[in-house]
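Structure file my_file_24.txt (compact mmCIF, C-alpha atoms) is printed below.
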```txt
# COMPACT_ATOMS: atom_id res chain seq x y z
CA MET A 3 18.09 -12.69 2.37
CA ARG A 4 17.58 -16.43 2.81
CA VAL A 5 18.51 -18.55 -0.21
CA LEU A 6 18.14 -22.27 -0.90
CA GLY A 7 20.86 -23.37 -3.30
CA VAL A 8 20.20 -26.50 -5.35
CA ASP A 9 22.92 -28.43 -7.19
CA PRO A 10 20.62 -30.62 -9.29
CA GLY A 11 21.20 -34.31 -9.91
CA LEU A 12 19.16 -37.51 -9.96
CA THR A 13 21.47 -39.60 -7.79
CA ARG A 14 22.59 -36.78 -5.51
CA CYS A 15 20.80 -33.43 -5.45
CA GLY A 16 22.75 -31.04 -3.23
CA VAL A 17 20.76 -28.57 -1.11
CA GLY A 18 22.01 -25.81 1.16
CA VAL A 19 20.44 -22.82 2.88
CA VAL A 20 22.43 -19.63 3.45
CA GLU A 21 21.24 -16.42 5.05
CA GLY A 22 22.82 -12.99 4.85
CA VAL A 23 23.45 -9.92 2.74
CA ALA A 24 26.36 -8.96 0.49
CA GLY A 25 29.25 -7.43 2.44
CA ARG A 26 28.38 -9.08 5.78
CA PRO A 27 29.34 -12.50 7.17
CA LEU A 28 26.98 -15.21 5.93
CA THR A 29 25.29 -17.94 7.96
CA MET A 30 24.63 -21.51 6.93
CA LEU A 31 21.22 -22.67 8.16
CA GLY A 32 21.26 -26.18 6.71
CA VAL A 33 22.95 -28.42 4.17
CA GLY A 34 22.22 -31.87 2.81
CA VAL A 35 21.64 -34.12 -0.15
CA VAL A 36 18.45 -35.53 -1.62
CA ARG A 37 19.35 -39.00 -2.92
CA THR A 38 17.43 -41.34 -5.18
CA PRO A 39 18.39 -44.93 -6.03
CA ALA A 40 19.96 -45.31 -9.49
CA ASP A 41 17.97 -48.49 -10.17
CA ALA A 42 14.56 -46.90 -9.46
CA GLU A 43 12.28 -45.87 -12.32
CA LEU A 44 12.86 -42.33 -13.56
CA GLY A 45 9.35 -41.18 -12.66
CA HIS A 46 9.74 -42.44 -9.10
CA ARG A 47 13.13 -40.75 -8.78
CA LEU A 48 11.58 -37.43 -9.82
CA VAL A 49 8.79 -37.88 -7.26
CA ALA A 50 11.41 -38.55 -4.55
CA ILE A 51 13.32 -35.40 -5.53
CA GLU A 52 10.10 -33.39 -5.44
CA ARG A 53 9.35 -34.70 -1.94
CA GLY A 54 12.88 -33.87 -0.78
CA ILE A 55 12.84 -30.32 -2.17
CA GLU A 56 9.38 -29.72 -0.68
CA GLU A 57 10.71 -30.71 2.76
CA TRP A 58 13.55 -28.20 2.47
CA LEU A 59 11.15 -25.45 1.33
CA ASP A 60 8.78 -26.27 4.21
CA GLU A 61 11.54 -26.24 6.81
CA TYR A 62 13.52 -23.17 5.73
CA GLU A 63 11.02 -21.03 3.77
CA PRO A 64 13.68 -19.43 1.55
CA GLU A 65 12.98 -16.13 -0.26
CA VAL A 66 14.84 -17.28 -3.36
CA VAL A 67 15.83 -20.66 -4.81
CA ALA A 68 19.14 -20.58 -6.72
CA VAL A 69 19.59 -23.47 -9.13
CA GLU A 70 22.61 -24.35 -11.24
CA ARG A 71 22.00 -23.50 -14.88
CA VAL A 72 22.46 -26.70 -16.85
CA PHE A 73 24.22 -26.66 -20.20
CA SER A 74 23.81 -29.38 -22.77
CA GLN A 75 27.44 -29.02 -23.88
CA HIS A 76 28.91 -30.55 -20.72
CA ASN A 77 28.79 -34.11 -19.37
CA VAL A 78 26.52 -35.44 -22.11
CA SER A 79 25.97 -38.71 -20.22
CA THR A 80 24.48 -37.10 -17.11
CA VAL A 81 23.09 -33.86 -18.49
CA MET A 82 19.59 -35.19 -19.09
CA GLY A 83 19.21 -36.32 -15.49
CA THR A 84 20.60 -33.00 -14.28
CA ALA A 85 18.11 -31.09 -16.46
CA GLN A 86 15.24 -33.22 -15.17
CA ALA A 87 16.20 -32.81 -11.51
CA SER A 88 16.61 -29.04 -12.00
CA ALA A 89 13.15 -28.89 -13.58
CA VAL A 90 11.65 -30.46 -10.45
CA ALA A 91 13.47 -28.00 -8.17
CA MET A 92 12.34 -25.00 -10.27
CA LEU A 93 8.78 -26.34 -10.40
CA CYS A 94 8.59 -26.74 -6.60
CA ALA A 95 9.80 -23.17 -6.05
CA ALA A 96 7.70 -21.51 -8.77
CA ARG A 97 4.57 -23.34 -7.59
CA ARG A 98 4.96 -21.56 -4.22
CA GLY A 99 5.64 -18.20 -5.85
CA ILE A 100 9.31 -18.28 -4.77
CA PRO A 101 11.58 -16.60 -7.36
CA VAL A 102 14.04 -18.94 -9.09
CA ALA A 103 17.52 -17.68 -10.01
CA LEU A 104 19.86 -19.58 -12.31
CA HIS A 105 23.63 -19.28 -12.08
CA THR A 106 26.19 -21.02 -14.27
CA PRO A 107 28.89 -23.20 -12.69
CA SER A 108 31.57 -20.68 -13.68
CA GLU A 109 29.61 -17.77 -12.15
CA VAL A 110 29.40 -19.74 -8.92
CA LYS A 111 33.10 -20.66 -8.91
CA ALA A 112 34.10 -17.10 -9.74
CA ALA A 113 31.86 -15.73 -6.98
CA VAL A 114 33.32 -17.87 -4.19
CA THR A 115 36.93 -18.39 -5.33
CA GLY A 116 37.65 -15.52 -7.73
CA SER A 117 38.22 -17.95 -10.60
CA GLY A 118 35.58 -19.41 -12.92
CA ARG A 119 37.80 -22.46 -13.43
CA ALA A 120 38.38 -23.37 -9.77
CA ASP A 121 38.23 -27.07 -8.89
CA LYS A 122 35.87 -28.75 -6.41
CA ALA A 123 38.42 -28.73 -3.58
CA GLN A 124 38.92 -24.98 -3.94
CA VAL A 125 35.16 -24.34 -3.93
CA GLY A 126 34.77 -26.57 -0.87
CA ALA A 127 37.59 -24.75 0.94
CA MET A 128 36.11 -21.31 0.26
CA VAL A 129 32.59 -22.39 1.24
CA THR A 130 34.05 -23.69 4.52
CA ARG A 131 35.85 -20.39 5.15
CA LEU A 132 33.01 -18.08 4.08
CA LEU A 133 30.43 -19.90 6.23
CA ARG A 134 32.94 -20.42 9.10
CA LEU A 135 32.40 -24.20 9.13
CA SER A 136 34.71 -26.63 10.92
CA ALA A 137 35.10 -28.85 7.81
CA PRO A 138 34.12 -28.80 4.13
CA PRO A 139 30.56 -30.07 3.63
CA LYS A 140 30.46 -33.56 2.11
CA PRO A 141 29.63 -34.69 -0.54
CA ALA A 142 30.79 -32.08 -3.07
CA ASP A 143 27.17 -31.63 -4.23
CA ALA A 144 26.27 -30.26 -0.80
CA ALA A 145 29.19 -27.79 -0.89
CA ASP A 146 28.19 -26.77 -4.43
CA ALA A 147 24.64 -26.07 -3.27
CA LEU A 148 25.97 -23.74 -0.56
CA ALA A 149 28.26 -22.07 -3.11
CA LEU A 150 25.21 -21.44 -5.33
CA ALA A 151 23.37 -19.78 -2.44
CA ILE A 152 26.41 -17.62 -1.58
CA CYS A 153 26.82 -16.68 -5.26
CA HIS A 154 23.21 -15.58 -5.40
CA ILE A 155 23.43 -13.42 -2.26
CA TRP A 156 26.55 -11.70 -3.59
CA ARG A 157 25.32 -11.24 -7.15
CA ALA A 158 21.77 -10.17 -6.28
CA PRO A 159 22.58 -6.47 -5.53
CA ALA A 160 24.33 -6.07 -8.91
CA GLN A 161 21.51 -7.88 -10.70
CA ASN A 162 18.92 -5.69 -8.97
CA ARG A 163 20.81 -2.50 -9.93
CA LEU A 164 21.01 -3.76 -13.52
CA GLN A 165 17.27 -4.57 -13.56
CA GLN A 166 16.46 -1.13 -12.11
CA ALA A 167 18.60 0.52 -14.79
CA VAL A 168 16.80 -1.49 -17.49
CA ASN A 169 13.44 -0.49 -16.01
CA ARG A 170 14.46 3.21 -15.84
CA HIS A 171 15.63 3.07 -19.44
CA ALA A 172 12.36 1.40 -20.52
CA SER A 173 10.27 4.04 -18.69
CA ALA A 174 12.35 6.84 -20.21
CA LEU A 175 11.81 5.41 -23.70
CA LYS A 176 8.12 4.97 -23.00
CA GLY A 177 7.88 8.58 -21.74
CA ARG A 178 9.53 9.75 -24.95
CA THR A 179 7.11 7.94 -27.28
CA THR A 180 3.87 8.79 -25.48
CA MET B 254 -5.59 -49.97 -22.74
CA ARG B 255 -5.85 -46.18 -22.50
CA VAL B 256 -2.58 -44.30 -23.09
CA LEU B 257 -1.71 -40.61 -22.82
CA GLY B 258 1.13 -39.81 -25.21
CA VAL B 259 3.26 -36.77 -24.40
CA ASP B 260 5.61 -35.14 -26.90
CA PRO B 261 7.48 -32.92 -24.45
CA GLY B 262 8.41 -29.31 -25.14
CA LEU B 263 8.38 -26.00 -23.27
CA THR B 264 6.70 -23.94 -26.00
CA ARG B 265 4.43 -26.70 -27.31
CA CYS B 266 3.90 -29.91 -25.36
CA GLY B 267 1.84 -32.29 -27.51
CA VAL B 268 -0.71 -34.51 -25.72
CA GLY B 269 -2.94 -37.22 -27.16
CA VAL B 270 -5.07 -40.00 -25.69
CA VAL B 271 -5.55 -43.27 -27.58
CA GLU B 272 -7.53 -46.30 -26.47
CA GLY B 273 -7.31 -49.83 -27.82
CA VAL B 274 -5.33 -53.04 -27.93
CA ALA B 275 -2.75 -54.32 -30.41
CA GLY B 276 -4.34 -55.94 -33.46
CA ARG B 277 -7.65 -54.05 -33.21
CA PRO B 278 -8.65 -50.62 -34.57
CA LEU B 279 -7.61 -47.84 -32.19
CA THR B 280 -9.69 -44.89 -30.99
CA MET B 281 -8.52 -41.33 -30.37
CA LEU B 282 -10.16 -39.90 -27.26
CA GLY B 283 -8.50 -36.48 -27.27
CA VAL B 284 -5.61 -34.51 -28.67
CA GLY B 285 -4.15 -31.10 -27.93
CA VAL B 286 -1.16 -28.99 -27.04
CA VAL B 287 -0.09 -27.45 -23.73
CA ARG B 288 1.54 -24.13 -24.63
CA THR B 289 3.65 -21.79 -22.53
CA PRO B 290 4.87 -18.32 -23.55
CA ALA B 291 8.54 -18.25 -24.61
CA ASP B 292 9.11 -14.99 -22.70
CA ALA B 293 7.82 -16.32 -19.36
CA GLU B 294 10.22 -17.36 -16.61
CA LEU B 295 11.30 -20.99 -16.80
CA GLY B 296 9.81 -21.87 -13.39
CA HIS B 297 6.44 -20.42 -14.41
CA ARG B 298 6.52 -22.32 -17.70
CA LEU B 299 7.10 -25.58 -15.83
CA VAL B 300 4.18 -24.81 -13.49
CA ALA B 301 1.95 -24.16 -16.54
CA ILE B 302 2.99 -27.47 -18.09
CA GLU B 303 2.29 -29.26 -14.81
CA ARG B 304 -1.19 -27.71 -14.68
CA GLY B 305 -1.87 -28.69 -18.30
CA ILE B 306 -0.72 -32.31 -17.84
CA GLU B 307 -2.75 -32.61 -14.62
CA GLU B 308 -5.89 -31.52 -16.51
CA TRP B 309 -5.34 -34.23 -19.13
CA LEU B 310 -4.76 -36.87 -16.44
CA ASP B 311 -7.90 -35.74 -14.58
CA GLU B 312 -10.06 -35.80 -17.68
CA TYR B 313 -8.88 -39.05 -19.32
CA GLU B 314 -7.48 -41.12 -16.44
CA PRO B 315 -4.98 -43.02 -18.63
CA GLU B 316 -3.52 -46.35 -17.48
CA VAL B 317 -0.10 -45.51 -18.91
CA VAL B 318 1.69 -42.28 -19.85
CA ALA B 319 4.06 -42.69 -22.83
CA VAL B 320 6.70 -39.96 -23.06
CA GLU B 321 9.29 -39.40 -25.76
CA ARG B 322 12.73 -40.43 -24.55
CA VAL B 323 14.96 -37.38 -24.90
CA PHE B 324 18.52 -37.71 -26.13
CA SER B 325 21.15 -35.11 -25.47
CA GLN B 326 22.77 -35.77 -28.86
CA HIS B 327 19.97 -34.15 -30.87
CA ASN B 328 18.85 -30.51 -31.15
CA VAL B 329 21.30 -29.19 -28.57
CA SER B 330 19.58 -25.79 -28.49
CA THR B 331 16.18 -27.15 -27.43
CA VAL B 332 17.13 -30.37 -25.67
CA MET B 333 17.30 -28.86 -22.19
CA GLY B 334 13.75 -27.51 -22.41
CA THR B 335 12.56 -30.83 -23.79
CA ALA B 336 14.21 -32.69 -20.90
CA GLN B 337 12.65 -30.31 -18.37
CA ALA B 338 9.16 -30.58 -19.87
CA SER B 339 9.46 -34.38 -19.99
CA ALA B 340 10.48 -34.40 -16.31
CA VAL B 341 7.28 -32.56 -15.40
CA ALA B 342 5.13 -35.01 -17.41
CA MET B 343 6.84 -38.03 -15.81
CA LEU B 344 6.53 -36.48 -12.35
CA CYS B 345 2.77 -35.85 -12.76
CA ALA B 346 2.18 -39.46 -13.85
CA ALA B 347 4.44 -41.12 -11.26
CA ARG B 348 2.92 -39.03 -8.46
CA ARG B 349 -0.45 -40.65 -9.26
CA GLY B 350 1.05 -44.12 -9.52
CA ILE B 351 0.52 -44.23 -13.30
CA PRO B 352 3.31 -46.20 -15.05
CA VAL B 353 5.54 -44.12 -17.33
CA ALA B 354 6.87 -45.65 -20.56
CA LEU B 355 9.63 -44.04 -22.62
CA HIS B 356 9.95 -44.57 -26.36
CA THR B 357 12.60 -43.13 -28.64
CA PRO B 358 11.58 -41.03 -31.67
CA SER B 359 12.79 -43.77 -34.02
CA GLU B 360 10.80 -46.46 -32.17
CA VAL B 361 7.71 -44.29 -32.55
CA LYS B 362 8.30 -43.62 -36.25
CA ALA B 363 9.05 -47.29 -36.92
CA ALA B 364 5.90 -48.35 -35.06
CA VAL B 365 3.50 -46.15 -37.04
CA THR B 366 5.21 -45.93 -40.46
CA GLY B 367 7.48 -48.99 -40.64
CA SER B 368 10.56 -46.75 -40.90
CA GLY B 369 12.55 -45.25 -38.03
CA ARG B 370 13.58 -42.41 -40.31
CA ALA B 371 10.11 -41.33 -41.49
CA ASP B 372 9.47 -37.57 -41.68
CA LYS B 373 6.79 -35.59 -39.81
CA ALA B 374 4.37 -35.62 -42.77
CA GLN B 375 4.55 -39.42 -43.01
CA VAL B 376 3.95 -39.82 -39.26
CA GLY B 377 1.01 -37.39 -39.47
CA ALA B 378 -0.47 -39.28 -42.42
CA MET B 379 -0.24 -42.65 -40.67
CA VAL B 380 -1.67 -41.30 -37.40
CA THR B 381 -4.60 -39.91 -39.40
CA ARG B 382 -5.17 -43.28 -41.10
CA LEU B 383 -4.70 -45.46 -38.00
CA LEU B 384 -7.08 -43.37 -35.90
CA ARG B 385 -9.49 -42.83 -38.84
CA LEU B 386 -9.37 -39.04 -38.54
CA SER B 387 -10.63 -36.66 -41.20
CA ALA B 388 -7.37 -34.65 -41.27
CA PRO B 389 -3.88 -34.85 -39.72
CA PRO B 390 -3.82 -33.38 -36.18
CA LYS B 391 -2.13 -29.98 -36.03
CA PRO B 392 0.45 -28.95 -34.90
CA ALA B 393 2.94 -31.77 -35.51
CA ASP B 394 3.53 -32.05 -31.72
CA ALA B 395 -0.09 -33.17 -31.29
CA ALA B 396 0.29 -35.82 -34.02
CA ASP B 397 3.56 -36.99 -32.43
CA ALA B 398 1.84 -37.38 -29.06
CA LEU B 399 -0.79 -39.63 -30.67
CA ALA B 400 1.97 -41.59 -32.46
CA LEU B 401 3.65 -42.15 -29.07
CA ALA B 402 0.42 -43.52 -27.59
CA ILE B 403 -0.11 -45.82 -30.62
CA CYS B 404 3.51 -46.98 -30.41
CA HIS B 405 3.04 -47.86 -26.75
CA ILE B 406 -0.16 -49.85 -27.34
CA TRP B 407 1.51 -51.83 -30.12
CA ARG B 408 4.80 -52.42 -28.34
CA ALA B 409 3.33 -53.23 -24.92
CA PRO B 410 2.43 -56.89 -25.69
CA ALA B 411 5.98 -57.61 -26.92
CA GLN B 412 7.46 -55.79 -23.91
CA ASN B 413 5.20 -57.74 -21.55
CA ARG B 414 6.17 -61.07 -23.16
CA LEU B 415 9.83 -60.09 -22.84
CA GLN B 416 9.38 -59.16 -19.19
CA GLN B 417 7.55 -62.43 -18.51
CA ALA B 418 10.36 -64.39 -20.18
CA VAL B 419 12.92 -62.54 -18.04
CA ASN B 420 10.87 -63.30 -14.92
CA ARG B 421 10.51 -67.00 -15.86
CA HIS B 422 14.25 -67.22 -16.48
CA ALA B 423 14.96 -65.56 -13.11
CA SER B 424 12.59 -67.96 -11.28
CA ALA B 425 14.15 -70.95 -13.07
CA LEU B 426 17.62 -69.82 -12.01
CA LYS B 427 16.38 -69.25 -8.48
CA GLY B 428 14.76 -72.71 -8.41
CA ARG B 429 18.04 -74.25 -9.50
CA THR B 430 20.13 -72.61 -6.78
CA THR B 431 17.76 -73.27 -3.85
```
Written as structure tokens, how would this file's structure read?
Amino acid sequence: MRVLGVDPGLTRCGVGVVEGVAGRPLTMLGVGVVRTPADAELGHRLVAIERGIEEWLDEYEPEVVAVERVFSQHNVSTVMGTAQASAVAMLCAARRGIPVALHTPSEVKAAVTGSGRADKAQVGAMVTRLLRLSAPPKPADAADALALAICHIWRAPAQNRLQQAVNRHASALKGRTT
Amino acid sequence: MRVLGVDPGLTRCGVGVVEGVAGRPLTMLGVGVVRTPADAELGHRLVAIERGIEEWLDEYEPEVVAVERVFSQHNVSTVMGTAQASAVAMLCAARRGIPVALHTPSEVKAAVTGSGRADKAQVGAMVTRLLRLSAPPKPADAADALALAICHIWRAPAQNRLQQAVNRHASALKGRTT
């Protein structure tokens, strides 16, 4: 499975592509940051993010795009920009028919470090180890994007089993009523 | 001036086109709502909103798109969806080179009713009167989109004068230092 992770943000939108399956060593295919100038108009910033995400989708053709789920409770000052950047990333993926998966920051931290409250340094260290990199990806947004992709690859089998169980249950119920 | 007002939302995104200049009677060219099903995936909803906004831009070719400025302080439960829908509207406009203007809900209410704390019924009543309609546009999101467009047409001259004064001041300063 090839996953593009996106850590959304207007100033720095982290992007990272990871390939692999749960239980096997993972491979990083690419990592980077889509930046937009803080003094540019909001509309133009969103267009620049769209262009950046499109380039990553063109180059790596991921099967899934994993985006951080944004909560309005946290970081009130930046949350609107984060929500807007995430909307652009989801739009770009959905427009191409690529499934979008959302993971919360604590799901991502728990997946790669074992603790939902791990700090950025810990996430960066584990991403470096898991992808066998020589140094932690910089900036932190880039490392977070890779962590999102890893989280998705590892959680996907469980989510698929859960979805299959839900589907089986729904068919069983349907069989009972018809 | 022809303005497309957008009251952003995932379930109901209000859209309304108003033409005119400050100080003269205004004309409504179109009003409607872009709807997306609440049970659809977020990415697909954003694609549907993009398609809807594109159709309005194609049909009416507005010179400006006025979008409600979203605050994270209000309606925490729906604010993320509102921010995401507004991002799509801004992206569609900016991609075509159409200027995007943001107005706060209280600026819009104050522009059309004289009070920044007017309720929905009051806004609907004034929109009906100002555009000489036979009945208030339904749903409220459609009326709010028209109110946004009216607000922009009325505020634009003041904003332009302000911008010109800023520019003059900047040139004067520049003249003094060179």
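When the distance limit is 10 Å and all atoms listed in the file are what count, the residues near Ala378 (chain B), minus those fewer than 2 positions from it on the same chain, are Val365, Thr366, Lys373, Ala374, Gln375, Val376, Val380, Thr381, Arg382, Leu383, Leu386, Ala388, Pro389, Pro390 and Ala396 of chain B.
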Residue contacts of region 3-16 of chain A (6 Å, only C-alpha atoms) excluding same-chain residues fewer than 3 positions away, as an MDAnalysis selection string: chainID A and resid 19:22 35:38 64:70 83:84 87:88 143:144 147:148 150:151
Selection near Ala158 (chain A), 10 Å with all atoms listed in the file, sequence-local residues under 3 positions removed, as a PyMOL selection string: chain A and resi 3+23-24+103+152-155+161-164
Selected residue, from B:Ala423, B:Ile351, B:Val284, B:Ala291, that lies nearest to chain A when counting all atoms listed in the file: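 Residue with the minimum atom-to-atom distance to chain A: B:Ile351.
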Point-to-point distance in Å for CA of Pro358 (chain B) and CA of Val323 (chain B): 8.4 Å
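CA of Gly269 (chain B) sits 13.9 Å away from CA of Val361 (chain B).
Coordinates place CA of Ala91 (chain A) at a distance of 12.1 Å from CA of His297 (chain B).
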Distance filter 12 Å, all atoms listed in the file, chain B against chain A, as number ranges by chain: B: 263, 293-304, 318-320, 322-355
Region 90-100 of chain A rebuilt with all heavy atoms, output as a PDB file, in the coordinates of the input:
```pdb
ATOM      1  N   VAL A  90      12.471 -30.188 -11.629  1.00  0.00           N
ATOM      2  CA  VAL A  90      11.650 -30.460 -10.450  1.00  0.00           C
ATOM      3  C   VAL A  90      11.888 -29.392  -9.379  1.00  0.00           C
ATOM      4  O   VAL A  90      10.944 -28.873  -8.778  1.00  0.00           O
ATOM      5  CB  VAL A  90      11.941 -31.877  -9.899  1.00  0.00           C
ATOM      6  CG1 VAL A  90      11.229 -32.109  -8.580  1.00  0.00           C
ATOM      7  CG2 VAL A  90      11.521 -32.930 -10.926  1.00  0.00           C
ATOM      8  N   ALA A  91      13.152 -29.017  -9.176  1.00  0.00           N
ATOM      9  CA  ALA A  91      13.470 -28.000  -8.170  1.00  0.00           C
ATOM     10  C   ALA A  91      12.826 -26.653  -8.542  1.00  0.00           C
ATOM     11  O   ALA A  91      12.219 -25.980  -7.697  1.00  0.00           O
ATOM     12  CB  ALA A  91      14.982 -27.840  -8.038  1.00  0.00           C
ATOM     13  N   MET A  92      12.935 -26.271  -9.820  1.00  0.00           N
ATOM     14  CA  MET A  92      12.340 -25.000 -10.270  1.00  0.00           C
ATOM     15  C   MET A  92      10.823 -25.028 -10.139  1.00  0.00           C
ATOM     16  O   MET A  92      10.191 -24.045  -9.741  1.00  0.00           O
ATOM     17  CB  MET A  92      12.735 -24.732 -11.723  1.00  0.00           C
ATOM     18  CG  MET A  92      14.188 -24.352 -11.879  1.00  0.00           C
ATOM     19  SD  MET A  92      14.570 -23.843 -13.576  1.00  0.00           S
ATOM     20  CE  MET A  92      14.891 -25.422 -14.310  1.00  0.00           C
ATOM     21  N   LEU A  93      10.243 -26.190 -10.490  1.00  0.00           N
ATOM     22  CA  LEU A  93       8.780 -26.340 -10.400  1.00  0.00           C
ATOM     23  C   LEU A  93       8.305 -26.164  -8.965  1.00  0.00           C
ATOM     24  O   LEU A  93       7.341 -25.435  -8.701  1.00  0.00           O
ATOM     25  CB  LEU A  93       8.404 -27.729 -10.921  1.00  0.00           C
ATOM     26  CG  LEU A  93       6.933 -28.119 -10.849  1.00  0.00           C
ATOM     27  CD1 LEU A  93       6.111 -27.300 -11.828  1.00  0.00           C
ATOM     28  CD2 LEU A  93       6.761 -29.608 -11.154  1.00  0.00           C
ATOM     29  N   CYS A  94       8.986 -26.822  -8.019  1.00  0.00           N
ATOM     30  CA  CYS A  94       8.590 -26.740  -6.600  1.00  0.00           C
ATOM     31  C   CYS A  94       8.615 -25.288  -6.113  1.00  0.00           C
ATOM     32  O   CYS A  94       7.706 -24.847  -5.411  1.00  0.00           O
ATOM     33  CB  CYS A  94       9.518 -27.584  -5.736  1.00  0.00           C
ATOM     34  SG  CYS A  94       9.355 -29.359  -5.980  1.00  0.00           S
ATOM     35  N   ALA A  95       9.664 -24.558  -6.498  1.00  0.00           N
ATOM     36  CA  ALA A  95       9.800 -23.170  -6.050  1.00  0.00           C
ATOM     37  C   ALA A  95       8.731 -22.297  -6.710  1.00  0.00           C
ATOM     38  O   ALA A  95       8.006 -21.559  -6.022  1.00  0.00           O
ATOM     39  CB  ALA A  95      11.195 -22.651  -6.391  1.00  0.00           C
ATOM     40  N   ALA A  96       8.611 -22.385  -8.039  1.00  0.00           N
ATOM     41  CA  ALA A  96       7.700 -21.510  -8.770  1.00  0.00           C
ATOM     42  C   ALA A  96       6.248 -21.741  -8.350  1.00  0.00           C
ATOM     43  O   ALA A  96       5.444 -20.807  -8.288  1.00  0.00           O
ATOM     44  CB  ALA A  96       7.858 -21.717 -10.277  1.00  0.00           C
ATOM     45  N   ARG A  97       5.923 -23.001  -8.023  1.00  0.00           N
ATOM     46  CA  ARG A  97       4.570 -23.340  -7.590  1.00  0.00           C
ATOM     47  C   ARG A  97       4.206 -22.592  -6.315  1.00  0.00           C
ATOM     48  O   ARG A  97       3.056 -22.283  -6.057  1.00  0.00           O
ATOM     49  CB  ARG A  97       4.530 -24.851  -7.334  1.00  0.00           C
ATOM     50  CG  ARG A  97       3.255 -25.512  -7.688  1.00  0.00           C
ATOM     51  CD  ARG A  97       3.440 -27.002  -7.895  1.00  0.00           C
ATOM     52  NE  ARG A  97       4.328 -27.628  -6.924  1.00  0.00           N
ATOM     53  CZ  ARG A  97       4.764 -28.880  -7.044  1.00  0.00           C
ATOM     54  NH1 ARG A  97       4.411 -29.619  -8.090  1.00  0.00           N
ATOM     55  NH2 ARG A  97       5.562 -29.401  -6.149  1.00  0.00           N
ATOM     56  N   ARG A  98       5.206 -22.303  -5.469  1.00  0.00           N
ATOM     57  CA  ARG A  98       4.960 -21.560  -4.220  1.00  0.00           C
ATOM     58  C   ARG A  98       5.133 -20.060  -4.401  1.00  0.00           C
ATOM     59  O   ARG A  98       5.075 -19.308  -3.420  1.00  0.00           O
ATOM     60  CB  ARG A  98       5.961 -22.002  -3.142  1.00  0.00           C
ATOM     61  CG  ARG A  98       5.804 -23.426  -2.721  1.00  0.00           C
ATOM     62  CD  ARG A  98       6.828 -23.762  -1.651  1.00  0.00           C
ATOM     63  NE  ARG A  98       6.692 -25.165  -1.279  1.00  0.00           N
ATOM     64  CZ  ARG A  98       6.762 -25.625  -0.030  1.00  0.00           C
ATOM     65  NH1 ARG A  98       6.993 -24.796   0.964  1.00  0.00           N
ATOM     66  NH2 ARG A  98       6.622 -26.895   0.223  1.00  0.00           N
ATOM     67  N   GLY A  99       5.433 -19.633  -5.621  1.00  0.00           N
ATOM     68  CA  GLY A  99       5.640 -18.200  -5.850  1.00  0.00           C
ATOM     69  C   GLY A  99       7.020 -17.735  -5.400  1.00  0.00           C
ATOM     70  O   GLY A  99       7.245 -16.533  -5.272  1.00  0.00           O
ATOM     71  N   ILE A 100       7.947 -18.668  -5.159  1.00  0.00           N
ATOM     72  CA  ILE A 100       9.310 -18.280  -4.770  1.00  0.00           C
ATOM     73  C   ILE A 100      10.126 -18.038  -6.033  1.00  0.00           C
ATOM     74  O   ILE A 100      10.160 -18.894  -6.917  1.00  0.00           O
ATOM     75  CB  ILE A 100       9.977 -19.398  -3.925  1.00  0.00           C
ATOM     76  CG1 ILE A 100       9.139 -19.707  -2.683  1.00  0.00           C
ATOM     77  CG2 ILE A 100      11.411 -19.014  -3.544  1.00  0.00           C
ATOM     78  CD1 ILE A 100       9.653 -20.903  -1.882  1.00  0.00           C
TER      79      ILE A 100
END
```
